[in-house]
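Worksheet: one structure, shown below.
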Amino acid sequence: MKQCTEGSCAACGISAKEEAGRVLFTKEMKKTHTILFPTMLPMHFRLISKIFNDYGYQTRLLENGTHGDIQRIIDAGLKYVHNDTCYPAALVIGQFIDALDSGEYDVHKTALMLFQTCGGCRASNYLPLLRKALKKAGYGFIPVISLNFSGIEKNPGFHITLPMLHRAVYALLYGDLLMTLVAQCQPYETEKGSTQALAEKWVERLTHGQQGRIRYAQVKENYRAMLADFAALPRRKEKRVLVGIVGEIFVKYSPLGNNNLEEFLISEGAETTMGGLCDFLLYILFNIGMDHTLYGTGALAAGAARAASRYMTKRQDDMIRAVREQGVFRAPPAFRQTVSAVRGYIGYGTKMGEGWLLPAEMAELLQGGIPNVVVVQPFGCLPNHIIGKGMMKPMKEKNPGANIVAIDYDAGATKINQENRLKLMLANARERQKEEKTHESTASGTKKEEVLSVP
């Protein structure tokens, strides 16, 4: 039987403390409960999970729904969440409930962790939606932990410390570098699966090597070793269509949320690129400082955010410098470039959804010579439709040749329709690539004729 009695759990023998209608994660639970993470960025989240484990928590990254059973996750979400609710919310809740229903976990010794950005959507809606769904499914006794940096909810058994944050910064940087290298190697690998196997090897190595105090010299050495390993992978020499991906954070990063978008684009002859998770964190810190500038919010919070941003920006610069010095791979742009790219398009006070970051990444791609952009968003997400679809026209006006397509993701959206739109975008990209090649050949031939005609 799933349900626990009011105020206590006979199955686990731990007092189920409640506060404002929610079950708290207690100090006793830290020793007895497994905390489940939803999937989004597997490599990043596995590194973060290791940090929690080193500080006495027992965590596990969910993988259900990532091996062809996506429909089961969708069905579980729709069973307990209204179908008009944000698609990422339905997927995250569906993945949690599917995992609890699987029998793989002792539900009386399980907790759930929800990662929150504290924006207008995720922070205000996901927590009550998840708790309501758990109650309907008979799991109302399971504590839900909100991982956020705004203090919107606290639990006596869960605390984020400065040493944990320090290590998390490097986990994000490692994850971003691995994501960049995989994206640039996988489309060209001569042995299928070799890129992902090397990435898994590095995740395993980093999870075992991130114990105790972080030595920054070792971090930079890991960058160089990682770059050398990926550079040594056998790869085909061919030119592929380069496609940038921007959009709502969950749908953008999670194969569960975007129907394995990257895998499909690679199968169609493309190479993908997207901004890292560090950029999103820097975006949040930038907004805290900008709120003080625009609206006069707390100076102390703004000062702390700016200091944290400077620290993280310097670390990101070092990672980018390592890629450039090695010279084999295309280095990701620095966050300051992302900030400047959006000027003239939208103001920094636009923060709902992914806010100004979404069009900033779009503009950055176009200005960097990548005209092919996929804008991914949950169907009906008003903020992302405004800053995603709404910014496509001015982007095209200022960047002739921009090849942008918006793809909606929803429980009712058909995969074949999404893929057909992507195929059309790729066909346009190849046609333009062919025209440019013809133009270059013609120009080269004309130049030779001019040289030969000189007496």
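Please note that chains go A, B, ... in the order of the structure tokens, that every chain numbers its residues from 1, and that ligands are numbered from 1 in the order shown.
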Could the residues of stretch 373-398 of chain A that have an atom at most 9 Å from stretch 335-358 of chain A be listed as a Markdown table, each with its closest atom pair and the distance in Å to one decimal, counting only C-alpha atoms and ordered by chain and ascending residue number?
| residue | atom | partner | partner_atom | distance |
| --- | --- | --- | --- | --- |
| A:Val375 | CA | A:Leu358 | CA | 8.6 |
| A:Cys381 | CA | A:Gly353 | CA | 8.1 |
| A:Leu382 | CA | A:Gly353 | CA | 8.2 |
| A:Pro383 | CA | A:Gly353 | CA | 5.1 |
| A:Asn384 | CA | A:Gly353 | CA | 5.7 |
| A:Ile387 | CA | A:Gly355 | CA | 6.7 |
| A:Gly388 | CA | A:Leu358 | CA | 6.7 |
| A:Met391 | CA | A:Tyr345 | CA | 7.8 |
| A:Pro394 | CA | A:Tyr345 | CA | 7.4 |
| A:Met395 | CA | A:Tyr345 | CA | 8.0 |
Those selected residues, please, written with N, CA and C atoms and delivered as a PDB file, in the first residue's frame.
ATOM      1  N   VAL A 375      14.524  26.880 -33.333  1.00  0.00           N
ATOM      2  CA  VAL A 375      13.993  27.441 -32.086  1.00  0.00           C
ATOM      3  C   VAL A 375      12.987  26.433 -31.525  1.00  0.00           C
ATOM      4  N   CYS A 381       3.606  27.939 -24.939  1.00  0.00           N
ATOM      5  CA  CYS A 381       4.402  28.678 -23.948  1.00  0.00           C
ATOM      6  C   CYS A 381       4.471  30.133 -24.391  1.00  0.00           C
ATOM      7  N   LEU A 382       3.676  30.982 -23.781  1.00  0.00           N
ATOM      8  CA  LEU A 382       3.552  32.365 -24.231  1.00  0.00           C
ATOM      9  C   LEU A 382       4.881  33.118 -24.208  1.00  0.00           C
ATOM     10  N   PRO A 383       5.654  33.089 -23.105  1.00  0.00           N
ATOM     11  CA  PRO A 383       6.920  33.829 -23.123  1.00  0.00           C
ATOM     12  C   PRO A 383       7.853  33.386 -24.240  1.00  0.00           C
ATOM     13  N   ASN A 384       7.976  32.065 -24.431  1.00  0.00           N
ATOM     14  CA  ASN A 384       8.908  31.580 -25.451  1.00  0.00           C
ATOM     15  C   ASN A 384       8.398  31.810 -26.860  1.00  0.00           C
ATOM     16  N   ILE A 387       9.391  35.618 -27.397  1.00  0.00           N
ATOM     17  CA  ILE A 387      10.822  35.888 -27.554  1.00  0.00           C
ATOM     18  C   ILE A 387      11.490  34.926 -28.525  1.00  0.00           C
ATOM     19  N   GLY A 388      10.777  33.857 -28.910  1.00  0.00           N
ATOM     20  CA  GLY A 388      11.298  32.925 -29.907  1.00  0.00           C
ATOM     21  C   GLY A 388      10.749  33.246 -31.278  1.00  0.00           C
ATOM     22  N   MET A 391      10.737  36.990 -32.336  1.00  0.00           N
ATOM     23  CA  MET A 391      11.985  37.639 -32.703  1.00  0.00           C
ATOM     24  C   MET A 391      12.529  37.158 -34.040  1.00  0.00           C
ATOM     25  N   PRO A 394      12.551  40.189 -36.947  1.00  0.00           N
ATOM     26  CA  PRO A 394      13.671  41.149 -36.879  1.00  0.00           C
ATOM     27  C   PRO A 394      15.037  40.499 -37.085  1.00  0.00           C
ATOM     28  N   MET A 395      15.176  39.236 -36.656  1.00  0.00           N
ATOM     29  CA  MET A 395      16.447  38.531 -36.880  1.00  0.00           C
ATOM     30  C   MET A 395      16.712  38.369 -38.374  1.00  0.00           C
TER      31      MET A 395
END
Residues within 12 Å of A:Gly368, please, as a PyMOL selection string. Count only C-alpha atoms; anything in the same chain fewer than 2 positions from it doesn't count. chain A and resi 242-244+273+330-333+337-338+341+360-366+370-373+399+402
Okay, now the selection with C-alpha atoms, as an mmCIF file, in the first residue's frame?
data_model
loop_
_atom_site.group_PDB
_atom_site.id
_atom_site.type_symbol
_atom_site.label_atom_id
_atom_site.label_comp_id
_atom_site.auth_asym_id
_atom_site.auth_seq_id
_atom_site.Cartn_x
_atom_site.Cartn_y
_atom_site.Cartn_z
ATOM 1 C CA LEU A 242 25.893 23.476 -39.085
ATOM 2 C CA VAL A 243 22.652 23.967 -37.133
ATOM 3 C CA GLY A 244 22.276 25.989 -33.924
ATOM 4 C CA THR A 273 25.688 23.451 -31.645
ATOM 5 C CA ARG A 330 35.546 25.320 -32.513
ATOM 6 C CA ALA A 331 35.535 27.165 -29.177
ATOM 7 C CA PRO A 332 32.180 28.155 -27.652
ATOM 8 C CA PRO A 333 31.580 31.927 -27.397
ATOM 9 C CA GLN A 337 29.544 37.954 -26.497
ATOM 10 C CA THR A 338 26.073 36.571 -25.870
ATOM 11 C CA ALA A 341 24.800 40.065 -29.453
ATOM 12 C CA ALA A 360 20.703 36.572 -27.765
ATOM 13 C CA GLU A 361 21.813 33.026 -28.598
ATOM 14 C CA MET A 362 19.927 33.267 -31.901
ATOM 15 C CA ALA A 363 21.668 36.533 -32.805
ATOM 16 C CA GLU A 364 25.026 35.166 -31.683
ATOM 17 C CA LEU A 365 24.692 32.207 -34.055
ATOM 18 C CA LEU A 366 23.680 34.406 -36.993
ATOM 19 C CA ILE A 370 25.706 30.011 -38.526
ATOM 20 C CA PRO A 371 22.514 30.965 -40.420
ATOM 21 C CA ASN A 372 20.610 27.751 -39.665
ATOM 22 C CA VAL A 373 18.761 27.943 -36.342
ATOM 23 C CA ASN A 399 20.605 39.019 -41.047
ATOM 24 C CA ALA A 402 18.967 33.574 -41.931
#
Compile the contact shell of A:Tyr105 as an MDAnalysis selection string: residues with an atom at most 10 Å away, counting only C-alpha atoms, same-chain residues fewer than 5 positions apart removed. chainID A and resid 34 36 99:100 110
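Assigned to strand (DSSP E or B) in stretch 53-203 of chain A, given DSSP computed from backbone atoms, are A:Gln58, A:Thr59, A:Arg60, A:Leu61, A:Thr110, A:Ala111, A:Leu112, A:Met113, A:Leu114, A:Phe115, A:Val144, A:Ile145, A:Ser146, A:Leu147, A:Asn155, A:Phe158, A:Glu189.
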With C-alpha atoms retained, could you export that selection as a PDB file, in the first residue's frame?
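Below is the file result.pdb, written as the result:
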ATOM      1  CA  GLN A  58      22.080   9.444  -1.770  1.00  0.00           C
ATOM      2  CA  THR A  59      21.093  10.583  -5.250  1.00  0.00           C
ATOM      3  CA  ARG A  60      20.199   8.910  -8.514  1.00  0.00           C
ATOM      4  CA  LEU A  61      19.690  10.351 -11.994  1.00  0.00           C
ATOM      5  CA  THR A 110      12.579   7.988  -1.723  1.00  0.00           C
ATOM      6  CA  ALA A 111      12.600  11.763  -2.196  1.00  0.00           C
ATOM      7  CA  LEU A 112      12.368  13.841  -5.378  1.00  0.00           C
ATOM      8  CA  MET A 113      14.460  16.850  -6.373  1.00  0.00           C
ATOM      9  CA  LEU A 114      13.150  19.571  -8.666  1.00  0.00           C
ATOM     10  CA  PHE A 115      15.668  21.962 -10.213  1.00  0.00           C
ATOM     11  CA  VAL A 144       9.949  17.037  -2.787  1.00  0.00           C
ATOM     12  CA  ILE A 145      13.127  19.132  -2.533  1.00  0.00           C
ATOM     13  CA  SER A 146      13.391  22.371  -4.462  1.00  0.00           C
ATOM     14  CA  LEU A 147      16.946  23.064  -5.640  1.00  0.00           C
ATOM     15  CA  ASN A 155      14.113  21.596   4.272  1.00  0.00           C
ATOM     16  CA  PHE A 158      18.913  19.552   2.813  1.00  0.00           C
ATOM     17  CA  GLU A 189      32.919   9.460 -36.055  1.00  0.00           C
TER      18      GLU A 189
END
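Proximity ranking of A:Ile152, A:Leu285, A:Met312, A:Val251 relative to A:Ile407 places A:Val251 first, based on only C-alpha atoms.
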